[in-house]
Amino acid sequence: MGKTIILTGTFCHVNKGDAAMQSTMAGLLEQRYEGSEVVISAPFPDEDRQFYAPRQVIRCHRRRLIYSAFQCLSGWLWKKTGRSAWLLDEEMRQYAKANLIVDLSGDMLTEDYGPHVAMSHFYPILLANAMGKRVFLCAQSIGPFNWTRKLASYILNHAGAVTVRDQVTLDYLQSIGVTPRRLGLTADLAFLMEPVDVAIGRDRLLQLIGEDSAGPLLGVSLSFLIEKHYRKKCPVAHQESFVELMARSLDAWVERYQGLVVFFAHVTGPGALKDDREACRSVAQQMKHPAFVLEEDLSPAAIKGTIRHCDLFFGARMHANIAALSSFVPTIAISYSHKTPGIMNQLGCGEFVLPIEALSKDLILRTFERLYQTREEVRGRLHLRMPEIRALSEENLTRADELLTSVD
């Protein structure tokens with residue numbers, strides 16, 4: 001008999017990191033359990049249906065906090081009575097027949113974005129608990145919590161399994177009382193995502209920068225989100241805007257290495273403020289030297305197939321960095337939370353993390369100098385580490401296997 005597995009916790013496919021985690025997990029589960037159904041539960045199903053087709057995409061109501069609370073109550077009553085009248089919507093009807101709920105919230109189980117955001121990501125897990133369903137919190141960076149700490153500890157201790165993608169999260173969860181036997185240190189699912197259109201990706205870059213271009217190619221991932229963190233956390237932000245800092249630093253890189261800069265958007269909406277292309281254009285327009293913005297709205301696998309042709313990468317979006325690192329491209333990562341140093345440390349590249357609160361042109365250029373001088377050694381390090389990282393990522397499937405077997 002086929003299984004029904006629901007994937008929840010992500011935002012929308014226009015966030016390529018969410019799409020990378022979701023598509024990779026769905027594909028691996030479908031390969032592993034032939035004849036099973038993987039259902040995507042997402043806040044914007046109309047946006048996502050074409051991208052995830054032919055998989056079923058249903059509406060996740062987690063952003064409607066009051067309605068989600070009623071869902072949890074109704075789910076508990078369904079469990080107690082077995083009456084289908086308590087199943088208020090398609091999300092609950094799918095939960096009712098599910099063998100496993102897999103939460104892929106990434107770095108959203110935290111109060112870093114506000115307690116209300118944490119609650120919105122708790123609700124699908126609470127609904128599963130109310131309905132007596134097994135939950136797998138998969139490959140995440142979790143915490144910190146303040147107002148919701150006790151609730152977070154309760155949720156995590158009632159999950160079937162919790163895998164984390166960095167040591168900082170593992171230590172933190174143990175410090176707030178999460179049972180160690182529920183926890184496992186793995187790696188992000190996106191390390192298992194295979195690139196597509198690799199040859200097309202090379203042609204795409206050549207069409208953008210010109211067939212006769214010479215010098216090293218630097219891929220760059222920026223966003224207005226990282227600009228917001230810069231304004232909030234960096235002491236010198238009042239002296240120089242993020243756009244100005246990036247433009248000056250990238251111009252200096254071009255002059256120092258006679259290279260070219262290509263911007264990659266890893267989130268393309270919804271809306272201009274969430275579209276990385278807007279942030280990238282702002283920096284490119286401020287630069288003295290020509291820089292190129294890849295305007296196409298590509299799938300995460302196609303972006304990876306293009307990023308792999310860069311010589312170096314400089315990223316604020318973590319999954320853009322993962323696309324580069326897993327393609328053995330030496331990478332500098334801008335960090336605004338513990339997820340970035342955690343993943344870079346896994347790969348032995350912690351020295352190339354730039355904390356947002358210390359960001360400056362001098363720090364950026366010193367780090368580029370160190371990376372450029374050691375780029376071949378770093379590339380070799382990535383080749384050595386990647387099989388272990390991919391094996392850690394595959395352990396997430398082992399945890400899913402255990403939960404699905406125990407359900408049976």
# chains A, B, ... in the order shown; residues from 1 in each chain; ligands from 1
>>> residues_around(residues="A:Ser105", least_positions_apart="6", cutoff="7 Å", atoms="only C-alpha atoms", output="list in words")
Gly9, Thr10 and Gln140 of chain A
>>> select_by_dssp(residues="stretch 36-179 of chain A", states="helix (DSSP H, G or I)", output="number ranges by chain")
A: 45-52, 65-81, 84-86, 90-97, 115-130, 149-157, 167-175
>>> atom_distance(atom1="atom CA of A:Gln239", atom2="atom CA of A:Leu359")
12.4 Å
>>> residues_around(residues="stretch 132-134 of chain A", least_positions_apart="5", cutoff="10 Å", atoms="only C-alpha atoms", output="list of chain:residue names")
A:Gly75, A:Trp76, A:Trp78, A:Lys79, A:Lys80, A:Tyr95, A:Ala96, A:Lys97, A:Ala98, A:Asn99, A:Leu100, A:Ile101, A:Val102, A:Ile125, A:Leu126, A:Leu127, A:His158, A:Ala159, A:Gly160, A:Ala161, A:Leu403, A:Leu404, A:Ser406, A:Val407
>>> write_last_selection(atoms="C-alpha atoms", output="PDB file, in the first residue's frame")
ATOM      1  CA  GLY A  75      -7.789  17.984  14.727  1.00  0.00           C
ATOM      2  CA  TRP A  76      -7.795  16.836  18.346  1.00  0.00           C
ATOM      3  CA  TRP A  78     -11.184  14.315  14.986  1.00  0.00           C
ATOM      4  CA  LYS A  79      -8.632  12.105  16.693  1.00  0.00           C
ATOM      5  CA  LYS A  80     -10.948  11.547  19.669  1.00  0.00           C
ATOM      6  CA  TYR A  95      -3.201  15.162   7.342  1.00  0.00           C
ATOM      7  CA  ALA A  96      -5.857  12.616   8.281  1.00  0.00           C
ATOM      8  CA  LYS A  97      -4.551  10.085   5.755  1.00  0.00           C
ATOM      9  CA  ALA A  98      -0.849  10.953   6.075  1.00  0.00           C
ATOM     10  CA  ASN A  99       1.736   8.439   7.247  1.00  0.00           C
ATOM     11  CA  LEU A 100       4.312  11.147   7.991  1.00  0.00           C
ATOM     12  CA  ILE A 101       4.539  14.951   8.159  1.00  0.00           C
ATOM     13  CA  VAL A 102       7.976  16.310   7.185  1.00  0.00           C
ATOM     14  CA  ILE A 125       3.534  20.681  13.709  1.00  0.00           C
ATOM     15  CA  LEU A 126       0.953  21.261  16.453  1.00  0.00           C
ATOM     16  CA  LEU A 127      -1.790  20.205  14.032  1.00  0.00           C
ATOM     17  CA  HIS A 158       7.120  15.405  20.862  1.00  0.00           C
ATOM     18  CA  ALA A 159       8.502  15.156  17.330  1.00  0.00           C
ATOM     19  CA  GLY A 160       9.316  11.740  15.982  1.00  0.00           C
ATOM     20  CA  ALA A 161      12.790  12.971  15.033  1.00  0.00           C
ATOM     21  CA  LEU A 403       9.491   6.846  11.290  1.00  0.00           C
ATOM     22  CA  LEU A 404       7.562   5.389   8.375  1.00  0.00           C
ATOM     23  CA  SER A 406       7.421   2.526  13.054  1.00  0.00           C
ATOM     24  CA  VAL A 407       4.073   3.895  11.815  1.00  0.00           C
TER      25      VAL A 407
END
>>> residues_around(residues="stretch 322-325 of chain A", least_positions_apart="6", cutoff="7 Å", atoms="only C-alpha atoms", output="ChimeraX atom specification")
/A:191,304,307-308,313,331
>>> atom_distance(atom1="atom CA of A:Ser335", atom2="atom CA of A:Arg390")
22.5 Å
>>> closest_residue(among="A:His383, A:Tyr67, A:Glu111, A:Arg399", to="A:Arg181", atoms="only C-alpha atoms")
A:Arg399
>>> closest_residue(among="A:Thr268, A:Ser249, A:Ser241, A:Gln174", to="A:Asp297", atoms="only C-alpha atoms")
A:Thr268
